[in-house]
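Student: mmCIF, C-alpha atoms and all ligand atoms, file coords_30.cif:
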```cif
data_final
#
loop_
_atom_site.label_atom_id
_atom_site.label_comp_id
_atom_site.auth_asym_id
_atom_site.auth_seq_id
_atom_site.Cartn_x
_atom_site.Cartn_y
_atom_site.Cartn_z
CA MET A 19 185.94 -120.24 -143.59
CA LEU A 20 182.71 -118.21 -143.50
CA ILE A 21 183.05 -117.34 -139.83
CA ASP A 22 186.53 -115.89 -140.29
CA ALA A 23 185.39 -113.78 -143.29
CA ALA A 24 182.49 -112.52 -141.20
CA ALA A 25 184.68 -111.75 -138.19
CA LYS A 26 186.95 -109.67 -140.46
CA LEU A 27 183.90 -107.58 -141.44
CA GLU A 28 184.34 -108.34 -145.16
CA PRO A 29 181.67 -106.47 -147.21
CA GLU A 30 180.20 -109.68 -148.65
CA ALA A 31 179.85 -111.22 -145.18
CA LEU A 32 178.27 -108.01 -143.86
CA ARG A 33 175.78 -107.99 -146.75
CA CYS A 34 174.81 -111.60 -146.02
CA PRO A 35 176.09 -112.96 -142.68
CA PHE A 36 173.40 -115.68 -142.57
CA PRO A 37 175.45 -118.64 -143.91
CA ALA A 38 178.13 -117.85 -141.29
CA TYR A 39 175.44 -117.80 -138.59
CA ALA A 40 174.16 -121.19 -139.82
CA GLU A 41 177.70 -122.58 -139.50
CA LEU A 42 177.96 -121.19 -135.96
CA ARG A 43 174.56 -122.57 -134.93
CA GLU A 44 175.73 -125.96 -136.15
CA ARG A 45 178.79 -125.74 -133.85
CA GLY A 46 176.99 -124.27 -130.82
CA VAL A 47 178.59 -121.68 -128.51
CA THR A 48 181.97 -120.81 -130.04
CA PHE A 49 184.80 -118.55 -128.93
CA VAL A 50 185.73 -116.35 -131.92
CA GLU A 51 189.16 -114.84 -131.58
CA ALA A 52 188.53 -111.83 -133.88
CA ALA A 53 185.46 -110.84 -131.84
CA ASN A 54 187.19 -111.71 -128.56
CA ALA A 55 183.87 -113.16 -127.45
CA TYR A 56 181.88 -116.36 -127.07
CA LEU A 57 179.24 -116.14 -129.81
CA VAL A 58 175.82 -117.44 -128.80
CA THR A 59 173.82 -118.08 -131.97
CA ARG A 60 171.13 -120.71 -131.25
CA ALA A 61 167.71 -119.35 -130.17
CA GLU A 62 167.58 -121.71 -127.17
CA ASP A 63 171.03 -120.65 -125.93
CA ILE A 64 170.22 -116.93 -126.43
CA ASP A 65 167.11 -117.43 -124.34
CA ALA A 66 169.15 -119.08 -121.55
CA VAL A 67 171.68 -116.20 -121.47
CA LEU A 68 169.04 -113.45 -121.44
CA ARG A 69 167.06 -115.14 -118.66
CA ASP A 70 170.08 -115.46 -116.39
CA HIS A 71 170.92 -111.76 -115.96
CA GLU A 72 172.79 -112.47 -112.71
CA THR A 73 175.40 -114.60 -114.48
CA PHE A 74 175.39 -112.51 -117.69
CA SER A 75 175.85 -108.86 -116.72
CA SER A 76 174.87 -106.00 -119.05
CA ARG A 77 177.73 -103.72 -117.94
CA ASN A 78 179.39 -104.08 -121.36
CA ALA A 79 176.17 -104.46 -123.44
CA ILE A 80 177.41 -102.29 -126.33
CA GLY A 81 180.75 -104.08 -126.41
CA ALA A 82 182.84 -101.38 -124.77
CA PRO A 83 184.70 -102.25 -121.56
CA PRO A 84 182.54 -101.77 -118.43
CA ILE A 85 182.73 -98.27 -116.97
CA PRO A 86 184.02 -98.20 -113.36
CA PRO A 87 181.03 -97.16 -111.21
CA GLU A 88 183.04 -94.52 -109.32
CA SER A 89 184.28 -92.74 -112.50
CA GLU A 90 183.09 -89.30 -113.71
CA LEU A 91 181.92 -90.97 -116.92
CA ALA A 92 179.60 -93.35 -115.04
CA LYS A 93 177.44 -90.38 -114.02
CA HIS A 94 176.83 -89.49 -117.66
CA VAL A 95 176.56 -92.63 -119.76
CA PRO A 96 173.16 -94.21 -120.48
CA PHE A 97 171.98 -96.27 -117.63
CA LEU A 98 169.28 -98.82 -118.44
CA LEU A 99 171.06 -100.73 -121.19
CA LEU A 100 174.29 -100.92 -119.17
CA SER A 101 172.96 -101.53 -115.68
CA ASP A 102 172.19 -104.64 -113.68
CA GLU A 103 169.52 -105.58 -111.17
CA PRO A 104 168.09 -104.35 -108.90
CA ALA A 105 168.99 -100.75 -109.93
CA HIS A 106 168.03 -101.45 -113.56
CA SER A 107 164.41 -102.44 -112.88
CA GLU A 108 163.93 -99.72 -110.24
CA ARG A 109 164.91 -97.08 -112.82
CA ARG A 110 163.04 -98.66 -115.72
CA LYS A 111 159.82 -98.63 -113.66
CA LEU A 112 160.05 -94.84 -113.30
CA VAL A 113 159.72 -94.22 -117.03
CA GLN A 114 157.95 -97.32 -118.35
CA ARG A 115 154.48 -95.78 -118.42
CA ALA A 116 155.60 -93.24 -121.05
CA PHE A 117 156.05 -96.13 -123.53
CA THR A 118 152.63 -97.84 -123.38
CA PRO A 119 150.47 -98.22 -126.53
CA SER A 120 147.80 -95.79 -125.29
CA ARG A 121 150.31 -93.03 -124.44
CA LEU A 122 152.15 -93.43 -127.75
CA ALA A 123 148.98 -93.68 -129.89
CA LYS A 124 148.37 -89.97 -129.23
CA PHE A 125 151.49 -89.17 -131.26
CA GLU A 126 150.37 -91.02 -134.41
CA PRO A 127 148.92 -87.94 -136.21
CA ARG A 128 152.13 -85.97 -135.57
CA ILE A 129 154.32 -88.91 -136.74
CA ARG A 130 152.17 -89.07 -139.91
CA GLU A 131 152.76 -85.34 -140.49
CA LEU A 132 156.53 -85.84 -140.13
CA CYS A 133 156.47 -88.76 -142.62
CA THR A 134 154.33 -86.80 -145.08
CA ARG A 135 156.68 -83.83 -144.90
CA LEU A 136 159.68 -86.06 -145.73
CA VAL A 137 157.82 -87.67 -148.65
CA GLU A 138 156.80 -84.21 -149.96
CA GLY A 139 160.48 -83.25 -149.84
CA ILE A 140 161.35 -85.95 -152.42
CA ARG A 141 158.06 -86.02 -154.39
CA GLY A 142 158.63 -86.30 -158.13
CA ARG A 143 162.30 -87.30 -157.86
CA THR A 144 163.09 -90.54 -159.65
CA GLU A 145 166.28 -91.41 -157.73
CA VAL A 146 166.98 -90.82 -154.02
CA ASP A 147 169.25 -92.09 -151.26
CA PHE A 148 166.51 -93.38 -148.97
CA MET A 149 168.80 -93.36 -145.92
CA ALA A 150 169.77 -89.69 -146.18
CA GLU A 151 166.35 -88.44 -147.29
CA PHE A 152 164.05 -90.44 -145.01
CA ALA A 153 165.49 -93.15 -142.76
CA VAL A 154 168.00 -90.89 -140.97
CA PRO A 155 165.89 -87.73 -140.41
CA LEU A 156 162.65 -89.46 -139.31
CA PRO A 157 163.68 -91.16 -136.01
CA ILE A 158 165.28 -88.07 -134.46
CA ALA A 159 162.22 -85.98 -135.41
CA VAL A 160 159.95 -88.61 -133.83
CA ILE A 161 161.96 -88.89 -130.62
CA THR A 162 162.09 -85.14 -130.05
CA THR A 163 158.30 -85.10 -130.60
CA VAL A 164 157.51 -87.86 -128.10
CA LEU A 165 159.98 -86.41 -125.63
CA GLY A 166 158.21 -83.04 -125.89
CA VAL A 167 161.24 -80.94 -126.85
CA PRO A 168 160.14 -77.50 -128.11
CA ASP A 169 160.49 -77.07 -131.91
CA GLU A 170 163.07 -74.28 -131.59
CA GLU A 171 165.41 -76.65 -129.73
CA THR A 172 165.25 -79.64 -132.09
CA ALA A 173 168.20 -78.41 -134.19
CA SER A 174 170.47 -78.26 -131.10
CA PHE A 175 169.15 -81.65 -130.04
CA ARG A 176 169.94 -83.11 -133.43
CA ARG A 177 173.49 -81.72 -133.34
CA LEU A 178 174.19 -83.08 -129.85
CA SER A 179 172.62 -86.46 -130.72
CA GLU A 180 174.87 -86.77 -133.75
CA GLU A 181 177.92 -85.95 -131.62
CA LEU A 182 176.78 -88.48 -129.03
CA ALA A 183 176.11 -91.17 -131.66
CA SER A 184 179.66 -90.80 -132.98
CA THR A 185 181.03 -91.73 -129.54
CA VAL A 186 178.90 -94.88 -129.08
CA GLY A 187 180.82 -98.12 -129.41
CA ASN A 188 183.82 -96.06 -130.56
CA HIS A 189 186.72 -97.28 -128.45
CA ALA A 190 188.79 -94.29 -129.51
CA ALA A 191 186.15 -91.82 -128.24
CA ASP A 192 187.47 -89.44 -125.61
CA PRO A 193 185.45 -89.89 -122.37
CA ALA A 194 185.85 -86.13 -121.84
CA ASP A 195 183.74 -85.59 -124.98
CA ILE A 196 180.88 -87.64 -123.55
CA VAL A 197 181.03 -85.63 -120.31
CA ARG A 198 180.96 -82.35 -122.31
CA ILE A 199 178.02 -83.54 -124.44
CA ALA A 200 176.16 -84.61 -121.28
CA LYS A 201 176.69 -81.16 -119.75
CA GLU A 202 175.39 -79.46 -122.91
CA PHE A 203 172.37 -81.75 -122.90
CA ALA A 204 171.73 -80.92 -119.24
CA ALA A 205 171.75 -77.17 -119.99
CA LEU A 206 169.51 -77.61 -123.04
CA LEU A 207 167.03 -79.82 -121.19
CA ALA A 208 166.73 -77.85 -117.95
CA PRO A 209 164.11 -75.30 -119.16
CA SER A 210 162.05 -78.04 -120.87
CA LEU A 211 162.09 -80.15 -117.70
CA GLU A 212 161.00 -77.13 -115.60
CA ALA A 213 158.15 -76.51 -118.06
CA ALA A 214 157.23 -80.22 -118.00
CA ALA A 215 157.18 -80.18 -114.18
CA ALA A 216 154.66 -77.33 -114.22
CA ALA A 217 152.35 -79.02 -116.77
CA GLU A 218 148.99 -80.39 -115.57
CA GLU A 219 148.75 -83.29 -118.04
CA GLU A 220 151.26 -86.09 -118.44
CA ASP A 221 151.56 -86.59 -122.21
CA THR A 222 155.21 -86.51 -123.20
CA ILE A 223 158.22 -88.48 -121.97
CA LEU A 224 159.66 -85.31 -120.40
CA HIS A 225 156.43 -85.02 -118.35
CA THR A 226 157.00 -88.55 -117.04
CA ILE A 227 160.65 -87.84 -116.25
CA ALA A 228 159.71 -84.60 -114.45
CA ALA A 229 157.11 -86.56 -112.44
CA ALA A 230 159.81 -89.12 -111.48
CA GLU A 231 162.04 -86.27 -110.27
CA ARG A 232 159.19 -84.92 -108.15
CA THR A 233 157.72 -88.12 -106.71
CA ALA A 234 160.63 -90.60 -106.72
CA GLY A 235 163.53 -88.20 -106.24
CA LEU A 236 165.13 -89.05 -109.62
CA PRO A 237 168.28 -86.93 -109.68
CA ARG A 238 168.63 -84.44 -112.56
CA HIS A 239 171.75 -86.09 -113.97
CA ASP A 240 169.76 -89.34 -114.26
CA SER A 241 167.00 -87.50 -116.16
CA THR A 242 169.57 -86.14 -118.58
CA ARG A 243 171.28 -89.43 -119.22
CA PHE A 244 167.94 -91.15 -119.72
CA VAL A 245 167.15 -88.67 -122.50
CA MET A 246 170.60 -89.34 -123.96
CA GLU A 247 169.92 -93.07 -123.81
CA LEU A 248 166.67 -92.72 -125.76
CA LEU A 249 168.50 -90.75 -128.42
CA ILE A 250 171.11 -93.48 -128.75
CA ALA A 251 168.83 -96.49 -128.46
CA GLY A 252 166.02 -95.22 -130.65
CA ASN A 253 167.85 -93.53 -133.51
CA VAL A 254 170.22 -95.80 -135.43
CA THR A 255 168.04 -98.86 -134.71
CA THR A 256 164.94 -97.32 -136.27
CA THR A 257 166.93 -95.84 -139.17
CA ASP A 258 168.34 -99.31 -139.91
CA HIS A 259 164.93 -100.94 -139.62
CA LEU A 260 163.46 -98.50 -142.16
CA GLY A 261 166.41 -99.10 -144.51
CA ASN A 262 166.26 -102.90 -144.15
CA SER A 263 162.48 -102.89 -144.78
CA MET A 264 162.97 -100.83 -147.91
CA VAL A 265 165.63 -103.26 -149.23
CA LEU A 266 163.09 -106.09 -148.87
CA LEU A 267 160.32 -104.10 -150.58
CA ALA A 268 162.54 -102.80 -153.40
CA GLY A 269 163.70 -106.35 -154.10
CA ASP A 270 160.14 -107.66 -154.37
CA PRO A 271 157.67 -105.25 -156.03
CA GLU A 272 154.91 -107.90 -155.82
CA LEU A 273 155.27 -107.92 -152.04
CA ALA A 274 154.96 -104.10 -152.01
CA ASP A 275 151.81 -104.35 -154.17
CA ARG A 276 150.33 -106.94 -151.85
CA LEU A 277 150.84 -104.60 -148.87
CA ARG A 278 149.24 -101.73 -150.82
CA THR A 279 146.12 -103.78 -151.58
CA ASP A 280 145.95 -105.47 -148.15
CA PRO A 281 147.33 -103.06 -145.51
CA SER A 282 146.23 -105.50 -142.76
CA ARG A 283 149.43 -107.48 -143.63
CA LEU A 284 151.71 -104.50 -142.95
CA SER A 285 152.20 -105.33 -139.27
CA TYR A 286 153.15 -108.90 -140.29
CA PHE A 287 155.67 -107.51 -142.78
CA ILE A 288 157.19 -105.27 -140.07
CA GLU A 289 157.67 -108.27 -137.74
CA GLU A 290 159.18 -110.37 -140.53
CA SER A 291 161.51 -107.55 -141.53
CA LEU A 292 162.64 -107.19 -137.90
CA ARG A 293 163.18 -110.93 -137.67
CA LEU A 294 164.94 -111.50 -140.98
CA GLU A 295 167.05 -108.32 -140.98
CA SER A 296 167.37 -107.54 -137.27
CA PRO A 297 168.66 -103.94 -136.84
CA ILE A 298 170.58 -105.13 -133.78
CA GLN A 299 172.34 -108.34 -134.80
CA GLY A 300 174.01 -108.87 -131.46
CA LEU A 301 174.80 -107.23 -128.13
CA PHE A 302 177.19 -108.20 -125.37
CA ARG A 303 177.14 -109.61 -121.87
CA MET A 304 179.94 -110.29 -119.39
CA THR A 305 180.00 -113.40 -117.21
CA THR A 306 180.02 -112.61 -113.48
CA ARG A 307 180.96 -116.25 -112.65
CA ASP A 308 181.86 -119.50 -114.40
CA ALA A 309 178.96 -120.48 -116.63
CA GLU A 310 177.79 -123.11 -119.06
CA VAL A 311 175.66 -122.47 -122.15
CA GLY A 312 174.53 -125.25 -124.48
CA GLY A 313 177.06 -127.56 -122.85
CA VAL A 314 180.01 -125.19 -123.41
CA ALA A 315 181.91 -123.87 -120.38
CA ILE A 316 182.44 -120.08 -120.30
CA PRO A 317 184.85 -118.80 -117.63
CA ALA A 318 184.01 -115.86 -115.32
CA GLY A 319 184.92 -112.45 -116.79
CA SER A 320 184.34 -113.49 -120.45
CA ARG A 321 182.74 -111.41 -123.18
CA VAL A 322 179.66 -113.08 -124.65
CA GLN A 323 177.94 -111.82 -127.81
CA VAL A 324 174.26 -112.68 -127.97
CA MET A 325 173.39 -112.92 -131.69
CA TYR A 326 169.71 -111.96 -131.99
CA GLY A 327 170.10 -111.87 -135.80
CA SER A 328 171.13 -115.54 -135.83
CA GLY A 329 168.56 -116.74 -133.28
CA ASN A 330 165.90 -115.17 -135.49
CA ARG A 331 166.92 -117.50 -138.33
CA ASP A 332 167.03 -120.65 -136.21
CA ALA A 333 164.58 -123.35 -137.38
CA ALA A 334 164.03 -124.13 -133.70
CA LEU A 335 162.43 -120.66 -133.31
CA VAL A 336 160.30 -120.50 -136.48
CA GLU A 337 159.50 -122.83 -139.35
CA ARG A 338 161.18 -122.00 -142.69
CA PRO A 339 163.26 -119.32 -140.96
CA ASP A 340 164.77 -117.78 -144.13
CA GLU A 341 161.36 -117.14 -145.72
CA LEU A 342 159.37 -113.93 -145.40
CA ASP A 343 155.89 -115.18 -144.53
CA LEU A 344 153.02 -112.72 -144.04
CA ALA A 345 150.82 -115.36 -142.40
CA ARG A 346 152.85 -116.54 -139.41
CA ARG A 347 150.75 -117.55 -136.42
CA SER A 348 152.98 -115.72 -133.89
CA PRO A 349 154.66 -113.04 -136.01
CA SER A 350 156.18 -111.20 -133.04
CA ALA A 351 157.79 -114.30 -131.49
CA HIS A 352 161.28 -113.14 -132.53
CA LEU A 353 164.34 -111.80 -130.74
CA ALA A 354 164.82 -108.49 -132.59
CA PHE A 355 163.89 -106.51 -129.46
CA GLY A 356 165.83 -108.79 -127.12
CA LYS A 357 164.10 -110.68 -124.31
CA GLY A 358 163.86 -110.55 -120.53
CA VAL A 359 164.56 -107.59 -118.25
CA HIS A 360 166.45 -105.55 -120.88
CA SER A 361 163.97 -106.11 -123.73
CA CYS A 362 163.46 -102.98 -125.82
CA LEU A 363 161.65 -100.22 -123.94
CA GLY A 364 160.85 -98.44 -127.21
CA ASN A 365 159.47 -101.39 -129.20
CA ILE A 366 155.92 -100.01 -129.37
CA LEU A 367 157.19 -96.66 -130.61
CA ALA A 368 159.47 -98.38 -133.17
CA ARG A 369 156.56 -100.47 -134.49
CA LEU A 370 154.23 -97.44 -134.65
CA GLU A 371 156.84 -95.36 -136.45
CA SER A 372 157.57 -98.10 -139.02
CA ARG A 373 153.90 -98.69 -139.72
CA VAL A 374 153.11 -95.00 -140.30
CA ALA A 375 156.30 -94.54 -142.37
CA LEU A 376 155.57 -97.55 -144.61
CA GLU A 377 151.88 -96.60 -144.98
CA THR A 378 152.94 -93.12 -146.11
CA LEU A 379 155.66 -94.35 -148.48
CA LEU A 380 153.62 -97.18 -150.06
CA GLY A 381 150.59 -94.89 -150.36
CA SER A 382 152.56 -92.19 -152.22
CA ILE A 383 155.03 -94.12 -154.41
CA SER A 384 153.63 -96.59 -156.92
CA ARG A 385 156.88 -98.50 -157.59
CA ILE A 386 160.06 -98.77 -155.51
CA GLU A 387 163.17 -100.43 -156.95
CA LEU A 388 166.87 -100.57 -156.16
CA ALA A 389 168.77 -98.07 -158.33
CA VAL A 390 171.91 -100.24 -158.08
CA GLY A 391 172.49 -104.00 -158.08
CA PRO A 392 171.92 -105.70 -154.68
CA ASP A 393 175.68 -106.35 -154.42
CA ALA A 394 176.37 -102.61 -154.54
CA VAL A 395 174.46 -101.95 -151.29
CA ASP A 396 177.07 -101.69 -148.53
CA TYR A 397 176.18 -102.45 -144.94
CA LEU A 398 177.48 -100.85 -141.74
CA PRO A 399 180.87 -102.35 -140.77
CA SER A 400 179.50 -103.99 -137.61
CA PHE A 401 177.93 -107.13 -136.18
CA VAL A 402 176.03 -105.04 -133.67
CA ASN A 403 174.04 -102.79 -136.02
CA ARG A 404 172.74 -103.99 -139.39
CA GLY A 405 171.57 -101.50 -142.00
CA PRO A 406 172.54 -100.11 -145.40
CA GLN A 407 175.04 -97.24 -145.33
CA ALA A 408 173.32 -95.69 -148.34
CA LEU A 409 170.30 -96.95 -150.29
CA PRO A 410 169.87 -95.59 -153.82
CA LEU A 411 166.24 -96.19 -154.87
CA ARG A 412 164.48 -95.64 -158.20
CA LEU A 413 160.97 -94.34 -157.58
CA THR A 414 157.88 -94.19 -159.81
CA TRP A 415 155.24 -91.76 -158.54
C1 LIG A 501 163.47 -101.10 -134.75
C2 LIG A 501 163.96 -100.36 -133.77
C3 LIG A 501 164.58 -100.92 -132.53
C4 LIG A 501 165.22 -102.11 -132.31
C5 LIG A 501 165.47 -103.23 -133.30
C6 LIG A 501 165.63 -102.13 -130.92
C7 LIG A 501 166.29 -103.20 -130.32
C8 LIG A 501 166.61 -103.27 -128.98
C9 LIG A 501 167.21 -104.41 -128.33
C10 LIG A 501 167.62 -105.71 -129.03
C11 LIG A 501 167.33 -104.13 -127.01
C12 LIG A 501 167.82 -105.08 -125.93
C13 LIG A 501 169.14 -104.74 -125.37
C14 LIG A 501 169.81 -105.87 -124.63
O1 LIG A 501 169.46 -107.04 -124.76
O2 LIG A 501 170.79 -105.55 -123.90
C15 LIG A 501 166.84 -102.78 -126.82
C16 LIG A 501 166.83 -102.08 -125.61
C17 LIG A 501 166.41 -100.78 -125.48
N1 LIG A 501 165.76 -100.01 -126.43
FE1 LIG A 501 165.39 -100.53 -128.35
N2 LIG A 501 165.24 -100.97 -130.32
C18 LIG A 501 164.59 -100.20 -131.25
C19 LIG A 501 164.01 -98.97 -131.07
C20 LIG A 501 163.99 -98.27 -129.88
C21 LIG A 501 163.37 -96.98 -129.67
C22 LIG A 501 162.58 -96.21 -130.73
C23 LIG A 501 163.63 -96.61 -128.37
C24 LIG A 501 163.22 -95.40 -127.60
C25 LIG A 501 162.89 -94.25 -128.08
C26 LIG A 501 164.41 -97.70 -127.77
C27 LIG A 501 164.86 -97.70 -126.48
C28 LIG A 501 165.49 -98.77 -125.87
C29 LIG A 501 165.97 -98.74 -124.50
C30 LIG A 501 165.86 -97.57 -123.52
C31 LIG A 501 166.55 -99.99 -124.26
C32 LIG A 501 167.21 -100.47 -122.96
C33 LIG A 501 166.22 -101.23 -122.14
C34 LIG A 501 166.79 -101.81 -120.87
O3 LIG A 501 167.99 -102.05 -120.79
O4 LIG A 501 165.98 -102.02 -119.96
N3 LIG A 501 164.60 -98.68 -128.71
N4 LIG A 501 166.38 -102.29 -128.03
#
```
Transcribe the structure of this file into structure tokens.
Tutor:
Amino acid sequence: MLIDAAAKLEPEALRCPFPAYAELRERGVTFVEAANAYLVTRAEDIDAVLRDHETFSSRNAIGAPPIPPESELAKHVPFLLLSDEPAHSERRKLVQRAFTPSRLAKFEPRIRELCTRLVEGIRGRTEVDFMAEFAVPLPIAVITTVLGVPDEETASFRRLSEELASTVGNHAADPADIVRIAKEFAALLAPSLEAAAAAEEEDTILHTIAAAERTAGLPRHDSTRFVMELLIAGNVTTTDHLGNSMVLLAGDPELADRLRTDPSRLSYFIEESLRLESPIQGLFRMTTRDAEVGGVAIPAGSRVQVMYGSGNRDAALVERPDELDLARRSPSAHLAFGKGVHSCLGNILARLESRVALETLLGSISRIELAVGPDAVDYLPSFVNRGPQALPLRLTW
């Protein structure tokens, strides 16, 4: 059965989980033993779960068991994604203004420079691993830029972020490691936060966090874990989105040519790529009381996996859901950034970064093809994150 193959993370099912999703949508909400969760796969049911954040708590959003609020670890783990109302919205409000289109637009020239530098690093090569050469290094460089971390500290930031990323969703990770990483982050950030507090203008995210410390009494350990959260939430997701977009373009050179001749369609392509190949396929919720979704009873204390990647291919959400269409009337009406109170804080940055990256790549490389057969592209062993582990491309300059 397709669902069982998918639940066992078989490479074929990871490469193309969509038939299994279709089977699940047919059945409605289903408890899947291997995932130890009720899988919610229809767009309408996903919407109902995300709206009702009182019944469906985010305390286990990344799938790990909820962290007891009184534990040492609770002071250090990211807080927006894993917190519930009213604390969640109170905290989100403190930093939200750093993520508006007008604030982020100022960073476009610098993001373009970073993209150009990465393209110059591979110029002339006919075969590259796109993930290692572009999709992995770009997001961390962009986040340190919008945070306002001084250049001389980006290497330490990168090292700590990689250590932090290896603990996320890893049930075997030692909580003591996360506490140590948080303490190192705190020491590294302190001088930058002091400098940000003294600045007259509010441009970077660190400026906004420093302002929240000053005016709203945001404690320093909350500032540090917010920075850690951005590094987790904004890195792998954007890397995967760049990789997934490149798979679509490499598989269809005519589509790439169309975007080169009509760049006004690029934003449509980005939305379709997010919808069809959602970098986050599914996140978790935990029921705080007995619930019912799509007519199926879910007892209190159950794990629920909300499958954005399946909802995005539901014919009830969009017509011809498996087709990439550059002329959709509401291209952004998808679930790739979630929905409701926890919807992605960084979506405007992610969209800006993808647009500038794809403009730079399509403008520099005249033909992009897969250097291996599509069946040789292996995907991450997960139904949370979707992206190629490596992506060998053949490039014509
Ligand atoms: C293509 C790239 C990205 C995708 C697909 C993505 C997807 C998502 C999704 C699905 C959620 C909802 C979580 C939930 O329902 O529990 C989310 C939340 C979040 N994202 Fe993103 N994200 C991306 C990029 C970014 C970036 C670049 C940043 C910041 C630098 C970011 C920061 C966050 C934060 C802080 C949250 C938690 C919001 C909250 O709980 O209130 N994301 N993201």
Student: Neighbours of range 391-395 of chain A within 8 Å (all atoms listed in the file; same-chain residues fewer than 4 positions away dropped), as a CSV table (one decimal) with C-alpha atoms, in the frame of the given file?
Tutor:
```csv
chain,number,residue,atom,x,y,z
A,33,ARG,CA,175.8,-108.0,-146.8
A,406,PRO,CA,172.5,-100.1,-145.4
A,407,GLN,CA,175.0,-97.2,-145.3
A,408,ALA,CA,173.3,-95.7,-148.3
A,409,LEU,CA,170.3,-97.0,-150.3
```
Student: With all atoms listed in the file as the basis for distance, which of A:Val164, A:Pro96, A:Ala208, A:Ala61 is at the shortest distance from Pro339 in chain A?
Tutor: A:Ala61
Student: Quick one: distance from CA of Ala40 in chain A to CA of Leu57 in chain A in Å, one decimal?
Tutor: 12.3 Å
Student: Counting all atoms listed in the file, which residue out of A:Ser241, A:Ser348, A:Thr163, A:Thr144 sits closest to Leu388 in chain A?
Tutor: A:Thr144
Student: Report, in Å to a single decimal, how far apart CA of Thr134 in chain A and CA of Pro155 in chain A are.
Tutor: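 We find that CA of Pro155 in chain A and CA of Thr134 in chain A lie 12.5 Å from each other.
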Student: Wanna dump the range 143-177 of chain A-range 213-232 of chain A contacts at 8 Å for me, each residue with its shortest atom pair and the distance in Å to one decimal, counting all atoms listed in the file, ordered by chain and number, as JSON lines?
Tutor:
```
{"residue": "A:Val164", "atom": "CA", "partner": "A:Thr222", "partner_atom": "CA", "distance": 5.6}
{"residue": "A:Leu165", "atom": "CA", "partner": "A:Ile223", "partner_atom": "CA", "distance": 4.6}
{"residue": "A:Gly166", "atom": "CA", "partner": "A:Thr222", "partner_atom": "CA", "distance": 5.3}
{"residue": "A:Val167", "atom": "CA", "partner": "A:Leu224", "partner_atom": "CA", "distance": 7.9}
```
Student: Between A:Met246, A:Val374, A:Leu411, A:Ala334, which has the minimum distance to Ile288 in chain A (counting only C-alpha atoms)?
Tutor: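 Among A:Met246, A:Val374, A:Leu411, A:Ala334, it is A:Val374 that comes nearest to Ile288 in chain A.
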Student: Which residues, written as a list in words, have at least one atom at most 10 Å from Leu132 in chain A, with all atoms listed in the file counted and residues fewer than 4 positions away on the same chain left out?
Tutor: Glu126, Pro127, Arg128, Leu136, Val137, Glu138, Pro155, Leu156, Pro157, Ala159, Val160, Thr163, Val374 and Ala375 of chain A
Student: Work out how far apart CA of Thr242 in chain A and CA of Ala204 in chain A are and give it in Å to one decimal.
Tutor: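 Interatomic distance, CA of Thr242 in chain A to CA of Ala204 in chain A: 5.7 Å.
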Student: Write out as number ranges by chain which residues come within 12 Å of range 52-56 of chain A when counting all atoms listed in the file, dropping same-chain ones fewer than 4 positions away.
Tutor: A: 21-27, 42, 45-48, 63-64, 67, 78, 81-82, 300-305, 309-312, 314-325, 400-402
Student: Which residue out of A:Leu370, A:Ile383, A:Leu413, A:Val113 has the minimum interatomic distance to Phe125 in chain A when only C-alpha atoms are used?
Tutor: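 Smallest separation from Phe125 in chain A among the options: A:Leu370.
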Student: Taking only C-alpha atoms into account, which of A:Pro193, A:Gly235, A:Gly327, A:Pro281 comes nearest Asp340 in chain A?
Tutor: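 When distances to Asp340 in chain A are compared using only C-alpha atoms, the smallest one comes from A:Gly327.
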